[in-house]
>>> print(open('upload_20.txt').read())   # compact mmCIF, C-alpha atoms
# COMPACT_ATOMS: atom_id res chain seq x y z
CA MET S 363 34.00 -54.46 -3.52
CA SER S 364 36.21 -54.91 -0.46
CA ILE S 365 34.85 -55.55 3.04
CA SER S 366 36.34 -52.27 4.34
CA VAL S 367 34.53 -50.26 1.64
CA ILE S 368 31.22 -51.99 2.46
CA LYS S 369 31.67 -51.18 6.16
CA SER S 370 32.42 -47.53 5.33
CA LEU S 371 29.28 -47.28 3.21
CA LYS S 372 27.22 -48.77 6.03
CA ARG S 373 28.61 -46.21 8.48
CA LEU S 374 27.79 -43.36 6.07
CA ALA S 375 24.25 -44.67 5.58
CA ALA S 376 23.73 -44.92 9.34
CA ALA S 377 25.05 -41.36 9.83
CA ALA S 378 22.72 -40.06 7.10
CA LEU S 379 19.74 -41.57 8.89
CA PHE S 380 20.57 -39.65 12.06
CA VAL S 381 21.25 -36.26 10.43
CA PRO S 382 17.56 -35.14 10.34
CA ALA S 383 17.08 -36.12 13.97
CA LEU S 384 20.22 -34.24 15.03
CA ALA S 385 19.11 -31.19 13.05
CA LEU S 386 15.77 -31.16 14.82
CA ALA S 387 17.38 -31.72 18.19
CA SER S 388 19.75 -28.80 17.66
CA GLY S 389 16.93 -26.34 16.92
CA THR S 390 15.56 -23.88 19.46
CA GLU S 391 12.83 -25.46 21.54
CA LEU S 392 9.45 -23.76 21.30
CA HIS S 393 7.02 -23.58 24.18
CA LEU S 394 3.57 -23.48 22.58
CA ASP S 395 0.24 -22.96 24.31
CA LYS S 396 -2.49 -25.46 23.54
CA ALA S 397 -4.95 -23.90 21.11
CA PRO S 398 -8.63 -24.19 22.14
CA VAL S 399 -9.80 -25.14 18.64
CA SER S 400 -13.58 -25.06 18.24
CA LYS S 401 -15.90 -26.58 15.65
CA ASP S 402 -18.82 -24.40 16.74
CA PRO S 403 -20.25 -22.52 13.72
CA ALA S 404 -20.47 -19.29 15.73
CA ALA S 405 -16.75 -19.47 16.56
CA LEU S 406 -15.86 -20.26 12.95
CA GLN S 407 -17.98 -17.36 11.70
CA ALA S 408 -16.31 -14.98 14.16
CA GLY S 409 -12.91 -16.29 13.02
CA ALA S 410 -13.87 -15.76 9.37
CA LYS S 411 -14.81 -12.16 10.13
CA THR S 412 -11.45 -11.51 11.83
CA PHE S 413 -9.62 -13.21 8.97
CA ILE S 414 -11.35 -11.11 6.30
CA ASN S 415 -11.02 -7.82 8.19
CA TYR S 416 -7.41 -8.17 9.31
CA CYS S 417 -5.48 -11.00 7.62
CA MET S 418 -6.72 -10.55 4.05
CA ASN S 419 -5.18 -7.11 3.80
CA CYS S 420 -1.90 -8.90 3.04
CA HIS S 421 -2.58 -12.65 2.91
CA SER S 422 -4.60 -14.62 0.37
CA ALA S 423 -6.49 -17.87 0.90
CA SER S 424 -6.29 -18.76 -2.76
CA PHE S 425 -7.37 -22.40 -2.39
CA MET S 426 -10.69 -21.36 -0.82
CA ARG S 427 -13.79 -19.87 -2.44
CA TYR S 428 -16.07 -17.45 -0.64
CA ASN S 429 -19.12 -19.67 -1.14
CA THR S 430 -17.37 -22.49 0.76
CA LEU S 431 -18.16 -20.44 3.88
CA THR S 432 -21.75 -21.64 3.57
CA GLN S 433 -20.43 -24.82 5.23
CA ILE S 434 -19.99 -22.93 8.52
CA GLY S 435 -23.59 -21.69 8.51
CA LEU S 436 -23.42 -18.49 6.47
CA SER S 437 -25.76 -17.82 3.59
CA GLU S 438 -24.41 -16.48 0.31
CA GLN S 439 -26.19 -13.19 0.98
CA GLU S 440 -24.54 -12.90 4.41
CA ILE S 441 -21.18 -13.57 2.77
CA ARG S 442 -21.79 -10.82 0.22
CA ASP S 443 -23.03 -8.32 2.80
CA ASN S 444 -20.47 -8.92 5.55
CA LEU S 445 -17.33 -10.51 4.10
CA MET S 446 -16.94 -9.14 0.57
CA PHE S 447 -15.98 -5.52 0.02
CA THR S 448 -14.31 -5.12 -3.39
CA GLY S 449 -16.84 -6.39 -5.91
CA GLU S 450 -15.86 -10.06 -5.98
CA ARG S 451 -18.36 -12.73 -6.89
CA VAL S 452 -19.38 -15.21 -4.23
CA GLY S 453 -17.84 -18.04 -6.21
CA ASP S 454 -14.44 -16.34 -6.53
CA LEU S 455 -11.27 -17.51 -4.83
CA MET S 456 -10.26 -15.61 -1.68
CA LYS S 457 -7.36 -13.71 -3.24
CA ILE S 458 -6.00 -10.22 -2.66
CA SER S 459 -4.94 -7.64 -5.22
CA ALA S 460 -1.59 -6.71 -3.64
CA ASN S 461 1.48 -7.21 -5.83
CA PRO S 462 3.83 -9.87 -4.36
CA LYS S 463 6.89 -7.84 -5.42
CA ASP S 464 5.60 -4.79 -3.55
CA GLN S 465 4.85 -6.91 -0.50
CA LYS S 466 8.38 -8.32 -0.50
CA ALA S 467 9.77 -4.78 -0.65
CA TRP S 468 7.55 -3.67 2.24
CA PHE S 469 8.00 -6.63 4.58
CA GLY S 470 11.23 -8.28 3.41
CA ALA S 471 9.33 -11.40 2.32
CA THR S 472 6.10 -12.11 0.49
CA PRO S 473 3.30 -12.87 2.98
CA PRO S 474 2.37 -16.56 2.59
CA ASP S 475 -1.00 -17.88 1.47
CA LEU S 476 -2.91 -18.91 4.61
CA THR S 477 -5.23 -21.61 3.27
CA LEU S 478 -3.07 -24.43 4.64
CA ILE S 479 -1.07 -22.53 7.25
CA ALA S 480 -2.52 -24.47 10.20
CA ARG S 481 -1.23 -27.71 8.66
CA GLN S 482 2.09 -26.30 7.51
CA ARG S 483 3.06 -25.01 10.97
CA ALA S 484 2.77 -28.37 12.73
CA SER S 485 6.04 -29.51 14.31
CA GLU S 486 7.46 -31.70 17.05
CA PHE S 487 6.58 -28.91 19.52
CA GLY S 488 2.85 -28.94 18.81
CA SER S 489 0.16 -28.67 16.18
CA GLY S 490 -0.06 -25.88 13.65
CA ALA S 491 -3.02 -24.54 15.62
CA ASP S 492 -0.86 -24.37 18.77
CA TRP S 493 1.83 -22.46 16.87
CA LEU S 494 -0.63 -19.93 15.42
CA TYR S 495 -2.43 -19.44 18.75
CA THR S 496 0.84 -18.75 20.56
CA TYR S 497 2.33 -16.66 17.74
CA LEU S 498 -0.63 -14.26 17.49
CA ARG S 499 -0.49 -13.61 21.25
CA GLU S 500 3.26 -13.03 21.61
CA PHE S 501 4.02 -9.91 19.60
CA TYR S 502 5.89 -7.17 21.45
CA ARG S 503 7.24 -3.71 20.75
CA ASP S 504 10.79 -3.62 19.36
CA PRO S 505 12.08 -0.26 18.06
CA ALA S 506 15.01 -2.04 16.41
CA ARG S 507 12.73 -3.78 13.92
CA PRO S 508 11.55 -2.01 10.72
CA THR S 509 7.89 -2.57 11.61
CA GLY S 510 8.38 -1.69 15.29
CA TRP S 511 7.30 -5.21 16.29
CA ASN S 512 8.97 -8.51 17.12
CA ASN S 513 7.63 -11.89 18.14
CA LYS S 514 8.68 -14.37 20.81
CA VAL S 515 7.72 -17.43 18.72
CA PHE S 516 9.07 -16.08 15.41
CA PRO S 517 12.07 -13.83 16.22
CA ASN S 518 12.69 -10.95 13.78
CA VAL S 519 9.49 -11.69 11.89
CA GLY S 520 8.74 -9.28 9.04
CA MET S 521 5.02 -9.18 9.77
CA PRO S 522 3.72 -6.28 11.88
CA HIS S 523 1.27 -6.94 14.70
CA ILE S 524 -1.98 -6.51 12.77
CA LEU S 525 -4.13 -7.13 15.86
CA TRP S 526 -2.35 -4.65 18.14
CA GLU S 527 -5.36 -2.36 18.47
CA LEU S 528 -7.30 -5.30 19.90
CA GLN S 529 -4.56 -6.72 22.15
CA GLY S 530 -2.67 -3.57 23.04
CA GLU S 531 1.11 -3.24 23.23
CA GLN S 532 3.31 -5.77 24.99
CA VAL S 533 6.91 -5.13 25.97
CA ALA S 534 9.65 -7.69 26.48
CA LYS S 535 11.64 -8.19 29.64
CA ILE S 536 14.82 -10.03 28.64
CA THR S 537 16.84 -11.89 31.26
CA GLU S 538 19.95 -14.02 30.81
CA HIS S 539 20.83 -17.07 32.85
CA GLU S 540 23.90 -19.23 32.17
CA GLY S 541 24.21 -17.83 28.68
CA ALA S 542 20.58 -18.51 27.76
CA LYS S 543 18.22 -15.59 27.12
CA SER S 544 14.67 -15.66 28.40
CA ILE S 545 11.92 -13.30 27.23
CA GLU S 546 8.94 -12.47 29.41
CA LEU S 547 6.12 -10.33 28.01
CA GLU S 548 3.93 -7.88 29.89
CA LEU S 549 1.09 -5.70 28.69
CA ALA S 550 2.26 -2.09 28.79
CA LYS S 551 -0.70 -0.51 27.00
CA PRO S 552 -4.12 -2.22 26.98
CA GLY S 553 -6.03 -2.57 23.74
CA LYS S 554 -9.73 -2.52 22.92
CA LEU S 555 -10.20 -6.05 24.28
CA SER S 556 -9.40 -7.57 27.63
CA VAL S 557 -6.81 -10.35 27.76
CA GLN S 558 -9.57 -12.97 27.89
CA GLU S 559 -11.49 -11.38 25.02
CA TYR S 560 -8.38 -11.14 22.88
CA ASP S 561 -7.47 -14.77 23.55
CA LYS S 562 -11.00 -15.75 22.49
CA THR S 563 -10.70 -13.69 19.29
CA VAL S 564 -7.40 -15.40 18.45
CA ALA S 565 -8.86 -18.81 19.29
CA ASP S 566 -11.77 -18.20 16.91
CA LEU S 567 -9.38 -17.04 14.17
CA VAL S 568 -7.18 -20.11 14.63
CA SER S 569 -10.26 -22.36 14.61
CA PHE S 570 -11.22 -20.84 11.26
CA LEU S 571 -7.70 -21.35 9.88
CA VAL S 572 -7.79 -25.00 10.98
CA TRP S 573 -11.20 -25.47 9.35
CA MET S 574 -10.04 -23.72 6.17
CA GLY S 575 -7.12 -26.14 5.84
CA GLU S 576 -9.56 -29.03 5.44
CA PRO S 577 -13.27 -28.04 5.32
CA VAL S 578 -14.34 -31.67 4.78
CA ALA S 579 -12.40 -33.01 7.79
CA GLU S 580 -15.51 -33.94 9.79
CA LYS S 581 -17.18 -35.55 6.78
CA ARG S 582 -13.98 -37.47 6.04
CA LYS S 583 -13.84 -38.78 9.60
CA SER S 584 -17.50 -39.86 9.62
CA VAL S 585 -17.13 -41.57 6.24
CA GLY S 586 -13.98 -43.25 7.51
CA VAL S 587 -15.86 -44.74 10.48
CA ILE S 588 -18.57 -46.07 8.15
CA VAL S 589 -15.95 -47.60 5.85
CA LEU S 590 -14.20 -49.31 8.78
CA ILE S 591 -17.50 -50.74 10.05
CA PHE S 592 -18.29 -51.99 6.53
CA LEU S 593 -14.85 -53.62 6.21
CA ALA S 594 -15.21 -55.28 9.61
CA GLY S 595 -18.60 -56.70 8.57
CA LEU S 596 -17.19 -57.82 5.23
CA PHE S 597 -14.29 -59.54 7.00
CA GLY S 598 -16.74 -61.42 9.24
CA LEU S 599 -18.79 -62.59 6.27
CA THR S 600 -15.66 -63.57 4.33
CA PHE S 601 -14.30 -65.55 7.27
CA ALA S 602 -17.63 -67.34 7.73
CA LEU S 603 -17.72 -68.16 4.01
CA LYS S 604 -14.16 -69.49 4.17
CA LYS S 605 -15.00 -71.77 7.11
CA ASN S 606 -18.13 -73.07 5.37
CA TYR S 607 -16.23 -73.67 2.10
CA TRP S 608 -13.37 -75.58 3.71
CA LYS S 609 -15.29 -77.58 6.34
CA ASP S 610 -15.56 -80.72 4.17
CA ILE S 611 -12.08 -80.56 2.60
CA HIS S 612 -9.96 -81.68 5.58
>>> encode(input="upload_20.txt", output="structure tokens")
Amino acid sequence: MSISVIKSLKRLAAAALFVPALALASGTELHLDKAPVSKDPAALQAGAKTFINYCMNCHSASFMRYNTLTQIGLSEQEIRDNLMFTGERVGDLMKISANPKDQKAWFGATPPDLTLIARQRASEFGSGADWLYTYLREFYRDPARPTGWNNKVFPNVGMPHILWELQGEQVAKITEHEGAKSIELELAKPGKLSVQEYDKTVADLVSFLVWMGEPVAEKRKSVGVIVLIFLAGLFGLTFALKKNYWKDIH
């Protein structure tokens, strides 16, 4: 192989390495609000209630079983009485009965499963929790969209604003400066909750979605600390044994 061919291949390899970075850099920058994620059982229970009552009309959580919610402080009887409405068993997966083909026809795309959504939405702009927290607070009225709603974080989203009765109706004020459009939202029609109450409801929902993505996260972290302490102790003992074994061999 000639030297010129080798140099050309090196240049192509270097260019290929930079393509992902250039693709990310060329994307629209997102300004995400920091999500106040809570591990408090009361917040997680409130988030579970919102998830069941609003999100599970269209979205499944098919990697989660109802009885896993006992880990956030609910009894199986409380789960049956307050979070199960269609005759499921407490050990069943959290699925919905809607037909994916019908959903695609209604919304233009099949609503995704939400079990791991808080992990899937992580990006260079923030965590998945930040994305969800911002997204659920930035819907606005848009008569041009089939659902009547649009979203500042996810433009032309097919999902309607399922929490609009709680938040109210926001409208967009679009300004243009040097060819760049800027969207500012203002509350035109208040909902059942105040702005602070709605933000807390969304924060609880996002906290539940984060927990649902990895229910054993706290246990994993505590076990990890124990393992690291054990390995550090084992290293100390091994080093002492090595010194004692080699002390008479020099």
>>> atom_distance(input="upload_20.txt", atom1="CA of Asp402 (chain S)", atom2="CA of Ile434 (chain S)")
8.4 Å
>>> residues_around(input="upload_20.txt", residues="Ser459 (chain S)", least_positions_apart="2", cutoff="9 Å", atoms="only C-alpha atoms", output="MDAnalysis selection string")
chainID S and resid 420 422 457 461
>>> atom_distance(input="upload_20.txt", atom1="CA of Ser424 (chain S)", atom2="CA of Thr477 (chain S)")
6.8 Å
>>> closest_residue(input="upload_20.txt", among="S:Gln529, S:Ser485, S:Gln407, S:Thr600", to="Glu500 (chain S)", atoms="all atoms listed in the file")
S:Gln529
>>> residues_near_point(input="upload_20.txt", point="(-15.7, -6.2, -0.4)", cutoff="12 Å", atoms="only C-alpha atoms", output="list of chain:residue names")
S:Ile414, S:Asn415, S:Met418, S:Asn419, S:Tyr428, S:Ile441, S:Arg442, S:Asp443, S:Asn444, S:Leu445, S:Met446, S:Phe447, S:Thr448, S:Gly449, S:Glu450, S:Arg451, S:Val452, S:Asp454, S:Met456, S:Lys457, S:Ile458, S:Ser459
>>> closest_residue(input="upload_20.txt", among="S:Gly530, S:Pro474, S:Gly520, S:Leu525", to="Leu567 (chain S)", atoms="only C-alpha atoms")
S:Leu525
>>> closest_atom_pairs(input="upload_20.txt", of="region 411-492 of chain S", to="region 556-563 of chain S", cutoff="12 Å", atoms="only C-alpha atoms", output="Markdown table")
| residue | atom | partner | partner_atom | distance |
| --- | --- | --- | --- | --- |
| S:Lys411 | CA | S:Thr563 | CA | 10.2 |
| S:Thr412 | CA | S:Thr563 | CA | 7.8 |
| S:Phe413 | CA | S:Thr563 | CA | 10.4 |
| S:Tyr416 | CA | S:Thr563 | CA | 11.9 |
>>> closest_residue(input="upload_20.txt", among="S:Leu498, S:Leu599, S:Ala506, S:Ile536", to="Ile524 (chain S)", atoms="all atoms listed in the file")
S:Leu498
>>> residues_around(input="upload_20.txt", residues="Thr509 (chain S)", least_positions_apart="6", cutoff="9 Å", atoms="all atoms listed in the file", output="count of residues only")
5
